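Structure file coords.cif with mmCIF, C-alpha atoms:
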data_entry
#
loop_
_atom_site.label_atom_id
_atom_site.label_comp_id
_atom_site.auth_asym_id
_atom_site.auth_seq_id
_atom_site.Cartn_x
_atom_site.Cartn_y
_atom_site.Cartn_z
CA MET B 1130 -33.80 -37.35 -3.73
CA MET B 1131 -33.08 -34.56 -1.25
CA ASN B 1132 -34.47 -31.13 -2.05
CA TRP B 1133 -31.53 -28.69 -2.11
CA ASP B 1134 -33.75 -25.91 -0.81
CA ASP B 1135 -34.57 -27.99 2.30
CA VAL B 1136 -30.88 -28.80 2.71
CA ARG B 1137 -30.05 -25.08 2.91
CA TYR B 1138 -32.28 -24.75 5.96
CA PHE B 1139 -30.70 -27.81 7.55
CA LEU B 1140 -27.19 -26.37 7.00
CA ALA B 1141 -28.15 -23.00 8.47
CA ALA B 1142 -29.57 -24.66 11.60
CA ALA B 1143 -26.56 -26.97 11.95
CA ARG B 1144 -24.12 -24.08 11.68
CA GLY B 1145 -26.10 -21.65 13.80
CA GLY B 1146 -27.09 -24.15 16.47
CA SER B 1147 -30.69 -22.94 16.63
CA VAL B 1148 -33.78 -22.25 14.55
CA ARG B 1149 -33.54 -18.57 15.45
CA ALA B 1150 -29.99 -18.32 14.12
CA ALA B 1151 -30.95 -20.14 10.93
CA ALA B 1152 -33.95 -17.88 10.37
CA GLY B 1153 -31.79 -14.78 10.80
CA ARG B 1154 -29.14 -16.08 8.43
CA LEU B 1155 -31.65 -16.97 5.72
CA GLY B 1156 -33.95 -13.97 6.22
CA VAL B 1157 -37.08 -16.04 6.89
CA ASN B 1158 -39.33 -16.63 9.87
CA HIS B 1159 -38.97 -19.26 12.59
CA ALA B 1160 -41.87 -21.41 11.30
CA THR B 1161 -40.37 -21.70 7.80
CA VAL B 1162 -37.14 -23.17 9.17
CA LEU B 1163 -39.03 -25.69 11.29
CA ARG B 1164 -41.19 -26.74 8.35
CA ARG B 1165 -38.25 -27.19 5.99
CA ILE B 1166 -36.25 -29.26 8.48
CA ALA B 1167 -39.31 -31.41 9.20
CA GLN B 1168 -39.76 -32.01 5.46
CA LEU B 1169 -36.17 -33.14 5.11
CA GLU B 1170 -36.35 -35.40 8.17
CA GLU B 1171 -39.55 -36.98 6.85
CA ARG B 1172 -38.01 -37.54 3.41
CA LEU B 1173 -34.90 -39.16 4.93
CA GLY B 1174 -36.85 -41.04 7.58
CA THR B 1175 -34.59 -40.01 10.44
CA GLN B 1176 -34.23 -37.32 13.09
CA MET B 1177 -31.26 -35.05 12.42
CA PHE B 1178 -31.38 -32.81 15.49
CA GLU B 1179 -31.79 -33.20 19.21
CA ARG B 1180 -34.01 -30.36 20.43
CA LEU B 1181 -32.30 -29.15 23.63
CA PRO B 1182 -33.04 -26.11 25.82
CA SER B 1183 -29.68 -24.70 24.75
CA GLY B 1184 -30.38 -25.16 21.04
CA TYR B 1185 -30.17 -27.77 18.30
CA ARG B 1186 -27.54 -30.52 18.40
CA LEU B 1187 -26.89 -32.89 15.50
CA THR B 1188 -27.68 -36.55 15.96
CA ALA B 1189 -25.35 -39.22 14.55
CA ALA B 1190 -27.52 -39.31 11.42
CA GLY B 1191 -27.41 -35.51 11.26
CA GLU B 1192 -23.60 -35.57 11.32
CA GLU B 1193 -23.60 -37.89 8.31
CA VAL B 1194 -26.12 -35.74 6.46
CA LEU B 1195 -24.07 -32.61 7.26
CA GLU B 1196 -21.03 -33.94 5.41
CA LEU B 1197 -23.10 -34.77 2.33
CA ALA B 1198 -25.01 -31.49 2.54
CA GLU B 1199 -21.76 -29.52 2.53
CA GLN B 1200 -20.69 -31.40 -0.59
CA MET B 1201 -24.02 -30.48 -2.21
CA GLU B 1202 -23.49 -26.85 -1.22
CA ALA B 1203 -19.99 -26.77 -2.71
CA SER B 1204 -21.25 -28.29 -5.98
CA SER B 1205 -24.11 -25.79 -6.12
CA HIS B 1206 -21.75 -22.86 -5.64
CA GLN B 1207 -19.38 -24.22 -8.26
CA LEU B 1208 -22.22 -24.55 -10.76
CA GLU B 1209 -23.46 -21.01 -10.06
CA THR B 1210 -19.95 -19.58 -10.38
CA ARG B 1211 -19.22 -21.28 -13.70
CA VAL B 1212 -22.52 -20.20 -15.22
CA PHE B 1213 -22.04 -16.64 -13.95
CA GLY B 1214 -18.51 -16.54 -15.38
CA ARG B 1215 -19.87 -17.22 -18.86
CA ASP B 1216 -22.27 -14.26 -18.63
CA GLN B 1217 -21.04 -11.56 -21.01
CA SER B 1218 -24.01 -9.23 -20.66
CA VAL B 1219 -24.01 -5.88 -18.91
CA ARG B 1220 -27.39 -6.56 -17.37
CA GLY B 1221 -28.07 -8.25 -14.03
CA LEU B 1222 -26.93 -8.29 -10.41
CA LEU B 1223 -23.44 -7.31 -9.25
CA ARG B 1224 -22.67 -7.72 -5.53
CA VAL B 1225 -19.76 -5.72 -4.12
CA THR B 1226 -18.51 -5.90 -0.54
CA LEU B 1227 -16.23 -3.30 1.04
CA PRO B 1228 -15.51 -1.78 4.47
CA PRO B 1229 -17.85 1.02 5.63
CA PHE B 1230 -15.00 3.59 5.67
CA LEU B 1231 -14.31 3.04 1.99
CA ALA B 1232 -17.97 3.15 1.03
CA THR B 1233 -18.97 6.29 2.90
CA HIS B 1234 -15.75 8.34 2.88
CA LEU B 1235 -14.18 7.52 -0.49
CA LEU B 1236 -15.85 5.37 -3.12
CA MET B 1237 -19.59 6.09 -3.03
CA PRO B 1238 -19.32 8.87 -5.68
CA ASP B 1239 -17.43 6.43 -7.89
CA LEU B 1240 -19.96 3.66 -7.32
CA ALA B 1241 -22.65 6.15 -8.29
CA ASP B 1242 -20.73 7.05 -11.48
CA PHE B 1243 -20.46 3.36 -12.40
CA ALA B 1244 -24.19 2.89 -11.82
CA ARG B 1245 -24.95 5.86 -14.09
CA VAL B 1246 -22.67 4.56 -16.86
CA HIS B 1247 -24.20 1.05 -16.61
CA PRO B 1248 -27.87 1.57 -15.68
CA ASP B 1249 -28.80 -2.06 -16.47
CA ILE B 1250 -26.43 -3.46 -13.85
CA GLU B 1251 -28.25 -3.99 -10.57
CA MET B 1252 -25.79 -2.90 -7.87
CA GLU B 1253 -25.87 -4.42 -4.41
CA ILE B 1254 -23.34 -2.83 -2.05
CA VAL B 1255 -22.53 -4.79 1.12
CA SER B 1256 -20.80 -2.32 3.41
CA THR B 1257 -19.40 -4.37 6.25
CA GLY B 1258 -16.22 -5.10 8.13
CA GLU B 1259 -16.89 -8.83 7.87
CA VAL B 1260 -15.11 -10.85 5.20
CA ALA B 1261 -17.49 -12.15 2.53
CA ASN B 1262 -16.90 -15.61 1.06
CA LEU B 1263 -16.46 -15.05 -2.68
CA THR B 1264 -16.26 -18.79 -3.38
CA ASN B 1265 -19.76 -19.20 -1.92
CA ARG B 1266 -21.02 -16.25 -4.01
CA GLU B 1267 -21.73 -14.05 -0.98
CA ALA B 1268 -20.32 -11.30 -3.22
CA ASP B 1269 -18.88 -11.03 -6.74
CA VAL B 1270 -16.19 -8.45 -5.95
CA ALA B 1271 -14.52 -7.63 -2.64
CA ILE B 1272 -12.57 -4.43 -1.98
CA ARG B 1273 -10.47 -5.19 1.07
CA ILE B 1274 -7.94 -3.44 3.27
CA VAL B 1275 -5.12 -5.97 3.62
CA SER B 1276 -2.22 -5.55 6.03
CA ASP B 1277 -0.50 -8.82 5.11
CA ARG B 1278 -0.67 -10.16 1.57
CA LYS B 1279 -0.05 -13.69 2.85
CA THR B 1280 -3.53 -13.66 4.43
CA LEU B 1281 -5.23 -13.47 1.02
CA PRO B 1282 -6.89 -16.77 0.03
CA LEU B 1283 -4.94 -18.53 -2.71
CA ASN B 1284 -8.09 -19.32 -4.70
CA LEU B 1285 -8.92 -15.64 -5.28
CA HIS B 1286 -7.66 -13.38 -8.05
CA GLY B 1287 -6.19 -10.21 -6.58
CA LEU B 1288 -5.69 -6.83 -8.24
CA LYS B 1289 -3.39 -4.73 -6.05
CA GLY B 1290 -4.38 -1.13 -5.40
CA PRO B 1291 -2.67 1.79 -3.65
CA GLU B 1292 -1.17 1.74 -0.19
CA LEU B 1293 -3.31 3.14 2.59
CA PHE B 1294 -1.64 5.46 5.12
CA ALA B 1295 -2.96 6.56 8.50
CA GLY B 1296 -2.37 9.56 10.74
CA ILE B 1297 -3.42 10.86 14.14
CA TYR B 1298 -6.17 13.50 14.21
CA MET B 1299 -7.88 15.84 16.67
CA SER B 1300 -10.18 18.83 16.45
CA PRO B 1301 -8.53 22.15 15.47
CA ASP B 1302 -9.99 23.80 18.60
CA LEU B 1303 -8.45 21.17 20.87
CA LEU B 1304 -5.11 21.54 19.08
CA ALA B 1305 -5.27 25.33 19.50
CA ALA B 1306 -6.10 24.93 23.20
CA TRP B 1307 -3.12 22.60 23.66
CA ARG B 1308 -0.84 25.19 22.01
CA THR B 1309 -1.97 27.81 24.53
CA GLY B 1310 -1.16 25.46 27.41
CA ALA B 1311 -4.66 24.34 28.35
CA PRO B 1312 -4.40 21.84 31.24
CA ASP B 1313 -7.27 19.56 30.23
CA PRO B 1314 -6.18 15.96 29.47
CA ILE B 1315 -6.30 14.78 25.87
CA ARG B 1316 -7.77 11.31 25.67
CA PRO B 1317 -6.95 8.60 23.10
CA ILE B 1318 -10.13 7.68 21.22
CA VAL B 1319 -10.29 3.99 20.30
CA ILE B 1320 -12.82 1.46 19.01
CA GLY B 1321 -14.14 -1.37 21.16
CA GLY B 1322 -12.03 -2.75 23.98
CA GLN B 1323 -8.66 -1.41 22.86
CA GLY B 1324 -6.27 -0.12 25.50
CA VAL B 1325 -3.91 2.83 25.31
CA PRO B 1326 -2.52 2.77 21.73
CA ASN B 1327 1.19 2.97 20.86
CA TRP B 1328 0.78 6.34 19.17
CA ALA B 1329 -0.56 8.00 22.33
CA ASP B 1330 2.85 9.42 23.29
CA GLU B 1331 4.65 9.53 19.94
CA GLY B 1332 4.07 13.11 18.77
CA GLU B 1333 4.29 16.62 20.14
CA VAL B 1334 0.81 16.24 21.61
CA ARG B 1335 0.60 13.45 24.18
CA ALA B 1336 -2.60 11.60 25.01
CA THR B 1337 -2.53 11.58 28.79
CA GLY B 1338 -6.14 10.84 29.66
CA VAL B 1339 -7.83 7.45 29.97
CA PRO B 1340 -9.12 5.92 26.71
CA PHE B 1341 -12.46 7.01 25.31
CA ARG B 1342 -13.96 3.93 23.64
CA THR B 1343 -16.48 4.07 20.80
CA PRO B 1344 -18.53 1.26 19.22
CA ASP B 1345 -17.66 1.99 15.59
CA ALA B 1346 -15.75 4.22 13.18
CA GLU B 1347 -18.45 6.87 12.75
CA ALA B 1348 -18.70 7.36 16.52
CA GLN B 1349 -14.89 7.50 16.64
CA ILE B 1350 -14.84 10.38 14.13
CA ALA B 1351 -17.67 12.20 15.90
CA ALA B 1352 -15.83 11.96 19.23
CA ALA B 1353 -12.69 13.46 17.70
CA ARG B 1354 -14.69 16.30 16.14
CA GLN B 1355 -16.15 17.11 19.57
CA GLY B 1356 -12.70 17.65 21.04
CA ILE B 1357 -12.68 14.63 23.36
CA GLY B 1358 -9.19 13.67 22.30
CA MET B 1359 -7.21 12.35 19.37
CA THR B 1360 -7.54 9.23 17.27
CA LYS B 1361 -5.98 7.24 14.42
CA LEU B 1362 -7.72 7.47 11.05
CA PRO B 1363 -6.94 6.68 7.42
CA CYS B 1364 -5.55 9.83 5.79
CA PHE B 1365 -8.31 9.92 3.20
CA VAL B 1366 -10.81 10.26 6.07
CA GLY B 1367 -8.94 12.64 8.38
CA ASP B 1368 -7.49 14.93 5.72
CA ALA B 1369 -10.83 15.44 4.01
CA ASP B 1370 -12.62 16.42 7.26
CA ARG B 1371 -12.49 20.16 7.95
CA LEU B 1372 -13.40 19.52 11.59
CA LEU B 1373 -10.20 17.53 12.10
CA ALA B 1374 -6.50 18.39 12.01
CA ARG B 1375 -3.39 16.24 11.96
CA VAL B 1376 -1.54 15.97 15.22
CA PRO B 1377 1.95 17.46 14.61
CA GLY B 1378 5.13 15.50 15.08
CA ILE B 1379 3.84 12.04 14.11
CA ASP B 1380 4.96 10.52 10.83
CA LEU B 1381 2.35 8.97 8.58
CA LYS B 1382 2.55 5.20 8.55
CA ALA B 1383 1.56 2.67 5.92
CA HIS B 1384 -1.55 1.07 7.35
CA ALA B 1385 -2.35 -1.50 4.67
CA THR B 1386 -2.92 -2.02 0.95
CA LEU B 1387 -6.18 -1.96 -0.96
CA TRP B 1388 -7.00 -5.05 -3.01
CA LEU B 1389 -9.74 -5.82 -5.51
CA LEU B 1390 -10.57 -9.51 -5.15
CA THR B 1391 -12.61 -11.80 -7.40
CA GLN B 1392 -13.12 -15.54 -7.65
CA GLY B 1393 -11.56 -17.42 -10.59
CA GLU B 1394 -14.68 -18.10 -12.66
CA THR B 1395 -16.69 -15.10 -11.50
CA ARG B 1396 -14.10 -12.59 -12.66
CA LYS B 1397 -14.71 -13.68 -16.28
CA ALA B 1398 -18.24 -12.20 -16.25
CA LYS B 1399 -18.34 -8.99 -18.24
CA ARG B 1400 -19.97 -6.84 -15.56
CA VAL B 1401 -17.36 -7.98 -13.02
CA ARG B 1402 -14.55 -7.08 -15.42
CA LEU B 1403 -16.11 -3.71 -16.17
CA PHE B 1404 -16.44 -2.92 -12.49
CA THR B 1405 -12.95 -4.00 -11.43
CA GLU B 1406 -11.34 -2.06 -14.29
CA PHE B 1407 -13.39 1.04 -13.45
CA VAL B 1408 -12.68 0.98 -9.70
CA SER B 1409 -9.01 0.13 -10.22
CA ARG B 1410 -8.59 3.32 -12.29
CA ARG B 1411 -10.38 5.41 -9.68
CA LEU B 1412 -8.29 3.97 -6.84
CA GLY B 1413 -5.12 4.69 -8.80
CA ALA B 1414 -6.14 8.33 -9.11
CA TYR B 1415 -6.70 8.46 -5.35
CA ALA B 1416 -3.18 7.20 -4.55
CA PRO B 1417 -1.90 10.60 -3.30
CA LEU B 1418 -4.97 11.07 -1.10
CA LEU B 1419 -4.67 7.57 0.31
CA ALA B 1420 -0.99 8.17 1.06
CA GLY B 1421 -1.72 11.43 2.89
CA LEU B 1422 0.00 13.54 0.21
CA SER B 1423 -3.12 15.38 -0.89
CA MET B 1424 -5.67 17.09 1.32
CA SER B 1425 -8.38 16.89 -1.34
CA ARG B 1426 -10.16 14.37 -3.56
CA ASP B 1427 -9.48 16.59 -6.59
#

As structure tokens - that is how I would like this structure written.
Amino acid sequence: MMNWDDVRYFLAAARGGSVRAAAGRLGVNHATVLRRIAQLEERLGTQMFERLPSGYRLTAAGEEVLELAEQMEASSHQLETRVFGRDQSVRGLLRVTLPPFLATHLLMPDLADFARVHPDIEMEIVSTGEVANLTNREADVAIRIVSDRKTLPLNLHGLKGPELFAGIYMSPDLLAAWRTGAPDPIRPIVIGGQGVPNWADEGEVRATGVPFRTPDAEAQIAAARQGIGMTKLPCFVGDADRLLARVPGIDLKAHATLWLLTQGETRKAKRVRLFTEFVSRRLGAYAPLLAGLSMSRD
């Protein structure tokens, strides 16, 4: 009989294409992955990978094992989910995934309040822009910014939250300088490899300089605070920042909708229900702030 723990290492190597990738995914060292794969190959009496300079490639036998291993993985996740869904205690681990903006600029005080009310629930917050797989128990609850409801997986239970509006922001000093006729160009601040955005020439203030690109959202905000140019931000971020001001003459636009997502069986667990009900109420109270109608969290 195959050891499921060995199979996990095989799957990680097959999907990552290398021992290094598998080790990183599983949070173990290189030697552990090699040992586990060797154990599985010895048990099955066949070689499952070709060791190439470019990485690991599945053999014909490995391809067959991969299909069965994925079935084992799906069954394991289904078992875990059903057992977790029957858990009606308020003690144990609760994994929540959400975008960094929401964690650091809006919901962390609320997550702290929930943790204080339920001290026996072990909170694990995964603040990332990547989409966690709830079916595979990478998280129990996902708070996502969704621009198109049709993109939501059909197997997830969704609790719709408030709409999220965005505006264009710049530093008050830069705005004051523009009003006095300062000749310096105002650059559009964007993330990654984006080009000149559509909003660059929509308002009273026009972004005429070349784009200033930042690696992430926090650098984007810092660049705007320093007066480099103007940038698009969710209203709950820009309005709450005293070092930023809205660019006049540009209407606020609905950016997306917030959703609380859970998997069918997982959502029955008591600590999941407590959390989703708690956060749903808090998000509802933030609706004016998220829509750009309130300049404060109060």

Query raised in the report: So which residues get picked by the PyMOL selection byres ((chain B and resi 1175-1179) around 8) here, written as a list in words?
Result: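 On the file shown, the PyMOL selection byres ((chain B and resi 1175-1179) around 8) covers Glu1170, Glu1171, Leu1173, Gly1174, Arg1180, Leu1181, Tyr1185, Arg1186, Leu1187, Thr1188, Ala1189, Ala1190, Gly1191, Glu1192 and Val1194 of chain B.
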
Report task. Name the residues that the PyMOL selection byres ((chain B and resi 1227-1238) around 7) picks from the file above, as a list of chain:residue names, using the file's chain letters and numbers. Result ->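 With the shown file as input, the PyMOL selection byres ((chain B and resi 1227-1238) around 7) matches B:Val1225, B:Thr1226, B:Asp1239, B:Leu1240, B:Ala1241, B:Asp1242, B:Val1255, B:Ser1256, B:Thr1257, B:Gly1258, B:Ala1271, B:Ile1272, B:Arg1273, B:Val1366.
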
Dump of C-alpha atoms for the selected residues, as a short mmCIF file (atom, residue, chain, number, x, y, z; two decimals), in the coordinates of the input:
data_model
loop_
_atom_site.label_atom_id
_atom_site.label_comp_id
_atom_site.auth_asym_id
_atom_site.auth_seq_id
_atom_site.Cartn_x
_atom_site.Cartn_y
_atom_site.Cartn_z
CA VAL B 1225 -19.76 -5.72 -4.12
CA THR B 1226 -18.51 -5.90 -0.54
CA ASP B 1239 -17.43 6.43 -7.89
CA LEU B 1240 -19.96 3.66 -7.32
CA ALA B 1241 -22.65 6.15 -8.29
CA ASP B 1242 -20.73 7.05 -11.48
CA VAL B 1255 -22.53 -4.79 1.12
CA SER B 1256 -20.80 -2.32 3.41
CA THR B 1257 -19.40 -4.37 6.25
CA GLY B 1258 -16.22 -5.10 8.13
CA ALA B 1271 -14.52 -7.63 -2.64
CA ILE B 1272 -12.57 -4.43 -1.98
CA ARG B 1273 -10.47 -5.19 1.07
CA VAL B 1366 -10.81 10.26 6.07
#

Query raised in the report: Closest to Met1252 of chain B among B:Ala1311, B:Ala1385, B:Leu1390, B:Val1401, using only C-alpha atoms?
Result: B:Val1401

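Pairwise distance (atom CA of Ser1423 of chain B, atom CA of Gly1356 of chain B) equals 24.0 Å.
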
Per residue of segment 1245-1321 of chain B within 10 Å of segment 1376-1381 of chain B, record the nearest atom pair and its distance in Å to one decimal, counting all atoms listed in the file, with rows in chain order and ascending residue number, as a tab-separated table.
residue	atom	partner	partner_atom	distance
B:Phe1294	CA	B:Leu1381	CA	6.3
B:Ala1295	CA	B:Leu1381	CA	5.8
B:Gly1296	CA	B:Leu1381	CA	5.2
B:Ile1297	CA	B:Val1376	CA	5.6
B:Tyr1298	CA	B:Val1376	CA	5.3
B:Met1299	CA	B:Val1376	CA	6.5
B:Ser1300	CA	B:Val1376	CA	9.2
B:Pro1301	CA	B:Val1376	CA	9.3
B:Leu1304	CA	B:Val1376	CA	7.7

Requested in this report: Evaluate the PyMOL selection byres ((chain B and resi 1338-1342) around 10) on the structure here and hand back the selected residues as a list in words.
Outcome: Asp1313, Pro1314, Ile1315, Arg1316, Pro1317, Ile1318, Val1319, Ile1320, Gly1321, Gly1322, Gln1323, Gly1324, Val1325, Pro1326, Ala1329, Arg1335, Ala1336, Thr1337, Thr1343, Pro1344, Asp1345, Ala1348, Gln1349, Ala1352, Ala1353, Ile1357, Gly1358, Met1359 and Thr1360 of chain B

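Between atom CA of Trp1388 of chain B and atom CA of Val1275 of chain B the separation is 7.0 Å.
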
Box dimensions and centre (Å, one decimal) enclosing segment 1306-1325 of chain B, axis-aligned, 8 Å extra per side, as AutoDock Vina command-line options:
--center_x -7.5 --center_y 12.5 --center_z 25.1 --size_x 29.3 --size_y 46.6 --size_z 28.2

Requested in this report: May I ask for the distance between atom CA of Gly1367 of chain B and atom CA of Ile1350 of chain B, given in Å to one decimal place?
Outcome: 8.5 Å

Query raised in the report: When distances are computed from all atoms listed in the file, which of B:Gly1153, B:Pro1363, B:Gly1310, B:Gly1145 shows the smallest separation from Leu1293 of chain B?
Result: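 Distance minimum relative to Leu1293 of chain B lands on B:Pro1363.
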
Report task. Counting only C-alpha atoms, figure out which residue out of B:Ile1166, B:Ala1198, B:Asp1277, B:Trp1133 gets nearest to Val1148 of chain B. Result -> B:Ile1166
